[in-house]
Amino acid sequence: MKDEKEIKTPDTKLLLKRFEAGTNQEKQLVCTYCSLIVGVCFLFLCARLWYLQIYRGEEFKRLSERNSIKYVRLQSYRGNILDRSGRLLAGVEPSFNIGVVLKDVKDVEGLIAKLSTLLDETSTDIRMRLVSSKDQPSYLPVIVKRNASWDEVARIESRLYRLPGVVVEVAPARQYPYGTVAPHLLGYLGEISLEQIKSGNFPHAVPGDLVGKSGIELKFEKELAGRSGYKMIEVDARGRMVKVLKVEKPFPGKDIQLSINLDLQLAAEDALSGKSGALVALDPRNGQILAMASSPKFDPRIFSKGLTEMEWKQLNDPVLTPLVNKAIQGQYAPGSTFKIVMAAAGLNEHVISPYSTFFCNGSMKLGRRRFRCWKKGGHGQTSLYKALVQSCDVYFYNVGLKLGIDKISRYAFGFGFGKKTGVELPGEKNGFVPTRRWKRRRFKEPWQKGETLNYSIGQGFLLVTPLQLARMAAAVGNGGRLYRPEYILDEPPKLESKVPVRPAILSRIRKILVGVTEDKHGTARTCRIPGIHVAGKTGTAQVIKQKKRRESEKMAWRYQDHALFVAMAPAENPQIAVAVIIEHGGHGGSAAAPVAKEVIERWLKLRSPKPSTILQRKL
Amino acid sequence: MLDKRILKEIDYIFFLSLFFIMTVGFVNLWSASAAAGCPFEWKQLQWYLIGSVFMVGAMVFDYRELSKYSLHLYVFTIILLVLVMFVGKTVSGSQRWISLGFFNLQPSEPAKLLMAIVISSYFAQQEKENFGLRDLIRPTLLVIVPFLLIFKQPDLGTALLVLIIFGSIVLFARLKLGSFLIILGSCLCAFPLVWKLMKPYQRKRVEIFLNPDADPFGAGWHVIQSKIAVGSGLLFGKGFMKGTQAQLNFLPEVHTDFAFSIWSEEWGFVGAVLLISAYFIFLLRCLNIAQNTRDRFGSFLAFGITAMIFWQMFINVCMVLGLLPVVGIPLPLISYGGSSVITTLLGAGLIMNVRIRRSLFQS
């Protein structure tokens, strides 16, 4: 070691350990040996390549040409989706797909022309489908028509020998025995995208497979999809099967049972048809979703067959937004339904009592601005009962001023607004609860008192989703428990939080709200149901700012007010809580309450010992 | 940092051969992607670019800094490997990947490189010129931890590769003949023990390798089909994108472990020999660098990384040609995979780092 020098290089000041002269020579030798070893390995590999490719090459070439063993994929059956009593909402049935193996086609244009006459498809659509699949290997069939009808299959099958490259495949497809029930909740299937395959989340999928693209189909893709199997078969020179060598059976997907009640769901969808809006019905006792409807609906089957441009435009209509699940993605000002929260907050903070009154002369003056009540002449001396039943705005302006913005927001959050309910569906929206801090950050100006007044009657910045509204009603109904909305039947209820209001106050409000449907001045007398007490609250949310009220009806449809209604029944011990929103429907009492009534009546009929006759007639 | 003296030392043959291999990798993946039904080639190009940035990054600092941080690097390796046990993604039974959102990191890949650095640094610091059994106890303990962690994933191939890299560096550091014989003997004796520790599927692979025709449609499938693919390429191959074995899905994993197989099928003997010649030239340049630096650590480092690349290439090609059982070891720069590409290019950068700084010691 004595020869080893330790020198410091000027620029790096790092320790250098040199080899001593003798060792260096030895190392040089070792490296030479290593190079020799690498060289021998190189020659060895070349020799092996020569042996395989030249010496035995012809033999392997013959083997590869005769290679007559094929993998055939066996598709798994997708799991069923059932309602709470086991009725099939979405099942599977075999369907026929017509595909084209481009490698076997000589005259593509001629084939497109022939197919377009045989399949009732325009030749541009077929060409588009063939072009869009040019990334996939040419020996795989490109599906030009999914779910072909018997007629089409018969027409193709009988001409197969004249249509080289055309194949008819059997594949499982979704079927909906009750028609398109709850398409927003169930979701739809579509062809898997390349990004999805690359993401590695679909380990068993190949191009052309159908996977869940929205709703439950997307959320439970893994459970529903199952696992595909394969069959190894020997084929002869013409591709016909000689024998099966090995089979790995596909593993079918799991069934999923929802808490949805098909009868209520159908009632809701019928009542909403022709309107734009949403309905959510919850069981207040455990947070289970009994019905979730969004209107207009769409037909989930058209996605798997490939959309035409026209259909695509219709589905993405910017005003009607049929693809949006308005129950969780629509955000609306709650309007007067928010007065439930205001009343609870006021009583809980002792700024009002059930017996104290405010005087309503039709408006309230704040600074230089006049804030109107919806009733021009005013409500006169107004107690809490009268204020809720007749939806007096001035009363709640006063409550709002006494509470102040910070407390209102605290209670709004407390009732579950402003954040996701946590329902396990993709794309849920937060809604929005304004705060003083947010206003300053967003607009660089302080919160105005006038905004507090608007806030008190559920207008202005505040936004809620129908699901949040229904959950608020459910919490009023069950003594203040906010459950996470659940649509899987067997999931145990998950208590998220408790509303910061004493249960006695909530039950008093519930009692008052019965007046909304039953008092002769109530705003929702349209939702009166004989034999049961329904507690409810109407709401009307302005879509655009206006100087004077009550002009809404005269304006174009898309400027008209949104109609809202929340309800719980029976009022003494609620077992169903409903929230309805009808976009541009006008008044909550006239547009939204009847929809809720339909659902509650259906629920009442189901509860009664007599079996439902309505449903049997329908089917 | 990078003065003229350093730039003058850059080895262009080294980079040309690397570039050639990457070009082949891209072209080959183009074809393999069509067979796999998923475009990997552009992703791979992206890894090449990112890897090249890493490679340049690995050249700008003085490699001797690494020696100072070898303990940190070692701890980092262990942390990565432990992490993958807890948060790793499980794909077909092995827990090998950590998901970073945009990228699935396979920690066993950088672990190979990091261990090569750590072991080189260890031996470079030893004052001996000839190592006996007793001197090997400490470095063996050092290596056994990552070995077991990778073995547990389970990834037998990579685990053994770490041992092989270790063995190569030990031999390079010069082992006493007696010690060498003792180790060789005990390895042979330990084989039954390893056999017992192996998972059933791993055992099956070895059995199949010894007798592929025992289960031609099951476990022997890969080996038989790969040999047919390579063999049917003949002298000039079947042509780009025309390999029937690969394109008709007779071959498994065409874009990763069996990438060389599709290359040989489509480009024939000429293409296959050209590709391994490029590796050969590259490896010779690397060994030349290890030979011609007078710094102990530099020499060990260059040698260790060279060994890493060489053994991966050799084992993978042997596997594809039916000379070794099927183990999950990628062909450097040809097989698809971000972790592997970046690790290899990072290693290449370090080797070049050693070369361009050799002038500093010749004064």
# chains A, B, ... in the order shown; residues from 1 in each chain; ligands from 1
$ closest_atom_pairs --of "chain B" --to "chain A" --cutoff "6 Å" --atoms "only C-alpha atoms" --output "Markdown table"
| residue | atom | partner | partner_atom | distance |
| --- | --- | --- | --- | --- |
| B:Ala34 | CA | A:Pro137 | CA | 5.5 |
| B:Gly37 | CA | A:Gln136 | CA | 5.8 |
| B:Ile228 | CA | A:Phe60 | CA | 5.1 |
| B:Gly231 | CA | A:Gln53 | CA | 4.2 |
| B:Ser232 | CA | A:Lys61 | CA | 3.9 |
| B:Leu234 | CA | A:Gln53 | CA | 4.6 |
| B:Gln291 | CA | A:Gln28 | CA | 5.3 |
| B:Arg294 | CA | A:Arg18 | CA | 5.5 |
| B:Asp295 | CA | A:Arg18 | CA | 5.0 |
| B:Arg296 | CA | A:Lys17 | CA | 5.8 |
$ residues_around --residues "Val464 in chain A" --least-positions-apart "6" --cutoff "7 Å" --atoms "only C-alpha atoms" --output "PDB file with N, CA and C atoms, in the first residue's frame"
ATOM      1  N   GLN A 331     -76.478  22.215  -9.741  1.00  0.00           N
ATOM      2  CA  GLN A 331     -76.325  23.075  -8.569  1.00  0.00           C
ATOM      3  C   GLN A 331     -77.294  24.240  -8.714  1.00  0.00           C
ATOM      4  N   TYR A 332     -78.150  24.390  -7.727  1.00  0.00           N
ATOM      5  CA  TYR A 332     -79.212  25.383  -7.813  1.00  0.00           C
ATOM      6  C   TYR A 332     -79.253  26.195  -6.541  1.00  0.00           C
ATOM      7  N   ALA A 333     -79.762  27.440  -6.654  1.00  0.00           N
ATOM      8  CA  ALA A 333     -80.066  28.198  -5.452  1.00  0.00           C
ATOM      9  C   ALA A 333     -81.263  27.511  -4.795  1.00  0.00           C
ATOM     10  N   PRO A 334     -81.219  27.263  -3.478  1.00  0.00           N
ATOM     11  CA  PRO A 334     -82.293  26.488  -2.858  1.00  0.00           C
ATOM     12  C   PRO A 334     -83.592  27.293  -2.716  1.00  0.00           C
ATOM     13  N   PHE A 417     -74.591  21.364   3.445  1.00  0.00           N
ATOM     14  CA  PHE A 417     -74.410  22.051   2.164  1.00  0.00           C
ATOM     15  C   PHE A 417     -72.941  22.427   1.985  1.00  0.00           C
ATOM     16  N   GLY A 431     -71.699  21.903  -4.543  1.00  0.00           N
ATOM     17  CA  GLY A 431     -72.590  22.981  -4.150  1.00  0.00           C
ATOM     18  C   GLY A 431     -71.733  24.120  -3.641  1.00  0.00           C
ATOM     19  N   PHE A 432     -72.338  25.157  -3.066  1.00  0.00           N
ATOM     20  CA  PHE A 432     -71.492  26.245  -2.575  1.00  0.00           C
ATOM     21  C   PHE A 432     -72.145  26.998  -1.430  1.00  0.00           C
TER      22      PHE A 432
END
$ residues_around --residues "range 350-354 of chain B" --least-positions-apart "6" --cutoff "8 Å" --atoms "only C-alpha atoms" --output "PDB file with N, CA and C atoms, in the first residue's frame"
ATOM      1  N   ILE B  10     -14.963  12.666 -24.465  1.00  0.00           N
ATOM      2  CA  ILE B  10     -16.227  11.975 -24.760  1.00  0.00           C
ATOM      3  C   ILE B  10     -16.037  10.922 -25.844  1.00  0.00           C
ATOM      4  N   ASP B  11     -16.594   9.752 -25.574  1.00  0.00           N
ATOM      5  CA  ASP B  11     -16.406   8.601 -26.464  1.00  0.00           C
ATOM      6  C   ASP B  11     -17.591   8.513 -27.411  1.00  0.00           C
ATOM      7  N   MET B  55     -29.096  10.879 -18.244  1.00  0.00           N
ATOM      8  CA  MET B  55     -27.749  10.457 -18.611  1.00  0.00           C
ATOM      9  C   MET B  55     -26.811  11.661 -18.605  1.00  0.00           C
ATOM     10  N   ALA B  58     -26.131  12.687 -15.216  1.00  0.00           N
ATOM     11  CA  ALA B  58     -25.193  11.811 -14.518  1.00  0.00           C
ATOM     12  C   ALA B  58     -23.760  12.085 -14.934  1.00  0.00           C
ATOM     13  N   MET B  59     -23.563  12.935 -15.960  1.00  0.00           N
ATOM     14  CA  MET B  59     -22.205  13.215 -16.413  1.00  0.00           C
ATOM     15  C   MET B  59     -21.643  14.524 -15.896  1.00  0.00           C
ATOM     16  N   VAL B  60     -22.534  15.437 -15.473  1.00  0.00           N
ATOM     17  CA  VAL B  60     -22.023  16.778 -15.198  1.00  0.00           C
ATOM     18  C   VAL B  60     -21.319  16.892 -13.843  1.00  0.00           C
ATOM     19  N   PHE B  61     -21.752  16.112 -12.858  1.00  0.00           N
ATOM     20  CA  PHE B  61     -21.080  16.247 -11.555  1.00  0.00           C
ATOM     21  C   PHE B  61     -19.894  15.266 -11.506  1.00  0.00           C
ATOM     22  N   ASP B  62     -19.054  15.410 -10.505  1.00  0.00           N
ATOM     23  CA  ASP B  62     -17.915  14.501 -10.389  1.00  0.00           C
ATOM     24  C   ASP B  62     -18.380  13.214  -9.727  1.00  0.00           C
ATOM     25  N   TYR B  63     -18.167  12.086 -10.408  1.00  0.00           N
ATOM     26  CA  TYR B  63     -18.727  10.832  -9.908  1.00  0.00           C
ATOM     27  C   TYR B  63     -18.209  10.479  -8.531  1.00  0.00           C
ATOM     28  N   CYS B 286     -17.265   0.166 -22.575  1.00  0.00           N
ATOM     29  CA  CYS B 286     -17.423   0.318 -21.123  1.00  0.00           C
ATOM     30  C   CYS B 286     -16.255  -0.317 -20.376  1.00  0.00           C
ATOM     31  N   ILE B 289     -13.235   1.678 -20.494  1.00  0.00           N
ATOM     32  CA  ILE B 289     -13.239   2.792 -19.535  1.00  0.00           C
ATOM     33  C   ILE B 289     -12.817   2.308 -18.157  1.00  0.00           C
ATOM     34  N   THR B 293      -9.056   3.876 -16.303  1.00  0.00           N
ATOM     35  CA  THR B 293      -9.067   4.927 -15.289  1.00  0.00           C
ATOM     36  C   THR B 293      -8.152   4.486 -14.152  1.00  0.00           C
ATOM     37  N   GLY B 298     -13.620   4.804  -9.553  1.00  0.00           N
ATOM     38  CA  GLY B 298     -14.095   4.953 -10.931  1.00  0.00           C
ATOM     39  C   GLY B 298     -14.066   3.630 -11.662  1.00  0.00           C
ATOM     40  N   SER B 299     -12.985   2.916 -11.458  1.00  0.00           N
ATOM     41  CA  SER B 299     -12.826   1.644 -12.132  1.00  0.00           C
ATOM     42  C   SER B 299     -13.883   0.645 -11.670  1.00  0.00           C
ATOM     43  N   LEU B 301     -16.727   1.341 -10.290  1.00  0.00           N
ATOM     44  CA  LEU B 301     -18.058   1.821 -10.664  1.00  0.00           C
ATOM     45  C   LEU B 301     -18.372   1.462 -12.109  1.00  0.00           C
ATOM     46  N   ALA B 302     -17.428   1.804 -12.992  1.00  0.00           N
ATOM     47  CA  ALA B 302     -17.648   1.518 -14.407  1.00  0.00           C
ATOM     48  C   ALA B 302     -17.826   0.023 -14.613  1.00  0.00           C
ATOM     49  N   ILE B 305     -21.389  -1.247 -13.253  1.00  0.00           N
ATOM     50  CA  ILE B 305     -22.538  -0.908 -14.093  1.00  0.00           C
ATOM     51  C   ILE B 305     -22.490  -1.690 -15.400  1.00  0.00           C
ATOM     52  N   THR B 306     -21.271  -1.846 -15.924  1.00  0.00           N
ATOM     53  CA  THR B 306     -21.124  -2.651 -17.133  1.00  0.00           C
ATOM     54  C   THR B 306     -21.641  -4.068 -16.892  1.00  0.00           C
TER      55      THR B 306
END
$ residues_around --residues "Met364 in chain A" --least-positions-apart "6" --cutoff "12 Å" --atoms "only C-alpha atoms" --output "PyMOL selection string"
chain A and resi 358+370-374+376+378+392-398+401+450+453-454
$ write_last_selection --atoms "C-alpha atoms" --output "mmCIF file, in the first residue's frame"
data_model
loop_
_atom_site.group_PDB
_atom_site.id
_atom_site.type_symbol
_atom_site.label_atom_id
_atom_site.label_comp_id
_atom_site.auth_asym_id
_atom_site.auth_seq_id
_atom_site.Cartn_x
_atom_site.Cartn_y
_atom_site.Cartn_z
ATOM 1 C CA PHE A 358 -92.146 40.453 12.721
ATOM 2 C CA ARG A 370 -85.782 47.922 -0.946
ATOM 3 C CA PHE A 371 -85.963 44.142 -0.487
ATOM 4 C CA ARG A 372 -89.341 42.814 -1.474
ATOM 5 C CA CYS A 373 -91.473 40.028 -0.132
ATOM 6 C CA TRP A 374 -93.022 37.827 -2.814
ATOM 7 C CA LYS A 376 -96.862 42.605 -2.699
ATOM 8 C CA GLY A 378 -97.290 41.954 2.736
ATOM 9 C CA CYS A 392 -92.775 35.192 4.073
ATOM 10 C CA ASP A 393 -89.507 36.715 2.880
ATOM 11 C CA VAL A 394 -89.486 39.759 5.180
ATOM 12 C CA TYR A 395 -89.663 37.563 8.298
ATOM 13 C CA PHE A 396 -86.528 35.752 7.225
ATOM 14 C CA TYR A 397 -84.784 38.999 6.228
ATOM 15 C CA ASN A 398 -85.139 39.921 9.889
ATOM 16 C CA LEU A 401 -80.004 40.270 10.001
ATOM 17 C CA GLY A 450 -77.976 43.244 1.421
ATOM 18 C CA LEU A 453 -80.844 39.339 3.117
ATOM 19 C CA ASN A 454 -80.723 37.521 -0.219
#
$ select_by_dssp --residues "range 67-224 of chain B" --states "alpha helix (DSSP H)" --output "ChimeraX atom specification"
/B:67-68,70-87,108-125,137-152,156-172,177-197,200-210,221-224
$ residues_around --residues "Leu323 in chain B" --least-positions-apart "3" --cutoff "12 Å" --atoms "only C-alpha atoms" --output "PyMOL selection string"
(chain A and resi 44-45+48-49+52) or (chain B and resi 206+208-212+223-224+226-227+314-320+326-327)
$ atom_distance --atom1 "CA of Asn201 in chain A" --atom2 "CA of Ile216 in chain A"
16.5 Å
$ residues_around --residues "range 495-510 of chain A" --least-positions-apart "6" --cutoff "9 Å" --atoms "only C-alpha atoms" --output "JSON, numbers by chain"
{"A": [286, 287, 340, 343, 344, 345, 347, 348, 354, 385, 388, 411, 413, 414, 415, 416, 421, 475, 476, 477, 478, 479, 480, 481, 482, 483, 484, 535, 536, 568, 571, 572]}
$ write_last_selection --atoms "N, CA and C atoms" --output "short mmCIF file (atom, residue, chain, number, x, y, z; two decimals), in the first residue's frame"
data_model
loop_
_atom_site.label_atom_id
_atom_site.label_comp_id
_atom_site.auth_asym_id
_atom_site.auth_seq_id
_atom_site.Cartn_x
_atom_site.Cartn_y
_atom_site.Cartn_z
N ASN A 286 -81.80 5.71 7.46
CA ASN A 286 -80.46 5.16 7.23
C ASN A 286 -79.72 5.78 6.05
N GLY A 287 -80.34 6.75 5.39
CA GLY A 287 -79.64 7.42 4.29
C GLY A 287 -79.67 6.68 2.97
N ILE A 340 -85.99 26.55 5.95
CA ILE A 340 -85.97 25.52 7.00
C ILE A 340 -84.70 25.66 7.82
N ALA A 343 -84.86 28.88 9.91
CA ALA A 343 -85.72 28.76 11.09
C ALA A 343 -85.01 27.97 12.18
N ALA A 344 -84.38 26.87 11.78
CA ALA A 344 -83.67 26.05 12.76
C ALA A 344 -82.55 26.84 13.41
N ALA A 345 -81.80 27.59 12.59
CA ALA A 345 -80.69 28.38 13.12
C ALA A 345 -81.20 29.45 14.07
N LEU A 347 -84.00 29.56 15.84
CA LEU A 347 -84.48 29.01 17.10
C LEU A 347 -83.32 28.52 17.96
N ASN A 348 -82.36 27.88 17.32
CA ASN A 348 -81.24 27.32 18.07
C ASN A 348 -80.37 28.42 18.69
N PRO A 354 -90.77 30.62 18.79
CA PRO A 354 -91.92 30.23 17.97
C PRO A 354 -93.04 31.24 18.05
N TYR A 385 -94.74 30.25 12.37
CA TYR A 385 -95.66 29.34 11.66
C TYR A 385 -96.11 29.96 10.34
N LEU A 388 -93.24 30.34 7.71
CA LEU A 388 -92.84 29.14 6.97
C LEU A 388 -93.96 28.67 6.05
N TYR A 411 -74.51 27.27 9.89
CA TYR A 411 -75.63 26.32 9.88
C TYR A 411 -75.81 25.69 8.51
N PHE A 413 -73.44 24.90 6.44
CA PHE A 413 -72.48 23.79 6.43
C PHE A 413 -72.98 22.66 7.32
N GLY A 414 -73.55 23.06 8.47
CA GLY A 414 -74.03 22.07 9.44
C GLY A 414 -75.10 21.17 8.86
N PHE A 415 -75.90 21.71 7.95
CA PHE A 415 -76.94 20.89 7.31
C PHE A 415 -76.41 20.15 6.08
N GLY A 416 -75.12 20.19 5.90
CA GLY A 416 -74.51 19.36 4.84
C GLY A 416 -74.39 20.05 3.50
N THR A 421 -71.72 15.05 -0.53
CA THR A 421 -72.37 14.18 0.44
C THR A 421 -71.57 12.90 0.61
N ALA A 475 -82.52 14.90 7.41
CA ALA A 475 -81.97 15.23 8.73
C ALA A 475 -83.02 15.91 9.59
N VAL A 476 -83.83 16.78 8.98
CA VAL A 476 -84.93 17.39 9.74
C VAL A 476 -85.88 16.28 10.19
N GLY A 477 -86.03 15.27 9.36
CA GLY A 477 -86.96 14.19 9.67
C GLY A 477 -86.45 13.21 10.71
N ASN A 478 -85.14 13.03 10.82
CA ASN A 478 -84.66 11.97 11.72
C ASN A 478 -83.99 12.51 12.97
N GLY A 479 -84.21 13.76 13.29
CA GLY A 479 -83.65 14.30 14.52
C GLY A 479 -82.24 14.82 14.34
N GLY A 480 -81.82 15.07 13.11
CA GLY A 480 -80.56 15.76 12.90
C GLY A 480 -79.39 14.91 12.46
N ARG A 481 -79.64 13.68 12.05
CA ARG A 481 -78.50 12.83 11.66
C ARG A 481 -78.28 12.94 10.14
N LEU A 482 -77.04 13.29 9.76
CA LEU A 482 -76.69 13.36 8.35
C LEU A 482 -75.99 12.06 7.96
N TYR A 483 -76.67 11.21 7.19
CA TYR A 483 -76.06 9.97 6.74
C TYR A 483 -75.38 10.19 5.40
N ARG A 484 -74.42 9.35 5.09
CA ARG A 484 -73.89 9.37 3.74
C ARG A 484 -74.89 8.66 2.85
N ALA A 535 -94.93 16.81 5.60
CA ALA A 535 -94.27 18.07 5.92
C ALA A 535 -93.46 18.48 4.70
N GLY A 536 -93.57 19.73 4.29
CA GLY A 536 -92.85 20.12 3.08
C GLY A 536 -92.49 21.58 3.10
N MET A 568 -91.14 15.51 3.63
CA MET A 568 -90.91 14.26 4.36
C MET A 568 -92.24 13.73 4.85
N ALA A 571 -95.13 12.93 8.68
CA ALA A 571 -94.46 14.00 9.40
C ALA A 571 -94.08 13.60 10.83
N GLU A 572 -94.87 12.72 11.45
CA GLU A 572 -94.60 12.36 12.85
C GLU A 572 -93.32 11.54 12.96
#
$ closest_residue --among "A:Ser456, A:Gln175, A:Thr435, A:Thr517" --to "Ser409 in chain A" --atoms "only C-alpha atoms"
A:Thr435
$ closest_residue --among "A:Leu224, A:Asp263, A:Glu583, A:Gly422" --to "Val319 in chain A" --atoms "only C-alpha atoms"
A:Glu583
$ select_by_dssp --residues "range 34-229 of chain B" --states "strand (DSSP E or B)" --output "list of chain:residue names"
B:Lys89, B:Thr90, B:Val91, B:Ser94, B:Gln95, B:Arg96, B:Trp97, B:Ile98, B:Ser99, B:Asn104, B:Leu105, B:Phe131, B:Leu175
$ atom_distance --atom1 "CA of Leu345 in chain B" --atom2 "CA of Leu333 in chain B"
8.3 Å
$ residues_around --residues "range 40-53 of chain B" --least-positions-apart "4" --cutoff "7 Å" --atoms "only C-alpha atoms" --output "ChimeraX atom specification"
/B:26,29-30,33,57,336,338,341-342,345-346
$ write_last_selection --atoms "N, CA and C atoms" --output "compact mmCIF listing (two decimals), in the first residue's frame"
# COMPACT_ATOMS: atom_id res chain seq x y z
N PHE B 26 -37.03 1.45 -30.59
CA PHE B 26 -38.22 2.19 -31.01
C PHE B 26 -38.91 1.49 -32.18
N LEU B 29 -40.52 -1.70 -31.05
CA LEU B 29 -41.73 -1.53 -30.26
C LEU B 29 -42.91 -1.12 -31.14
N TRP B 30 -42.59 -0.43 -32.22
CA TRP B 30 -43.64 -0.05 -33.17
C TRP B 30 -44.39 -1.30 -33.61
N SER B 33 -46.04 -3.16 -30.57
CA SER B 33 -47.24 -2.48 -30.09
C SER B 33 -48.46 -2.89 -30.90
N GLY B 57 -27.35 14.37 -17.04
CA GLY B 57 -27.28 14.78 -15.64
C GLY B 57 -26.25 13.96 -14.87
N TYR B 336 -39.87 -2.61 -23.33
CA TYR B 336 -40.61 -1.44 -22.89
C TYR B 336 -40.57 -1.32 -21.37
N GLY B 338 -40.32 2.25 -18.39
CA GLY B 338 -39.66 3.49 -18.01
C GLY B 338 -38.57 3.29 -16.99
N VAL B 341 -35.45 1.69 -18.67
CA VAL B 341 -34.77 2.58 -19.62
C VAL B 341 -34.00 3.66 -18.87
N ILE B 342 -34.67 4.29 -17.91
CA ILE B 342 -34.02 5.39 -17.20
C ILE B 342 -32.83 4.88 -16.40
N LEU B 345 -29.89 4.18 -18.84
CA LEU B 345 -29.26 5.40 -19.36
C LEU B 345 -28.52 6.16 -18.26
N LEU B 346 -29.08 6.13 -17.07
CA LEU B 346 -28.40 6.74 -15.92
C LEU B 346 -27.05 6.06 -15.71
$ atom_distance --atom1 "CA of Lys128 in chain B" --atom2 "CA of Ile183 in chain B"
19.4 Å
$ closest_residue --among "A:Tyr487, A:Phe220, A:Phe461, A:Phe338" --to "Lys537 in chain A" --atoms "only C-alpha atoms"
A:Phe338
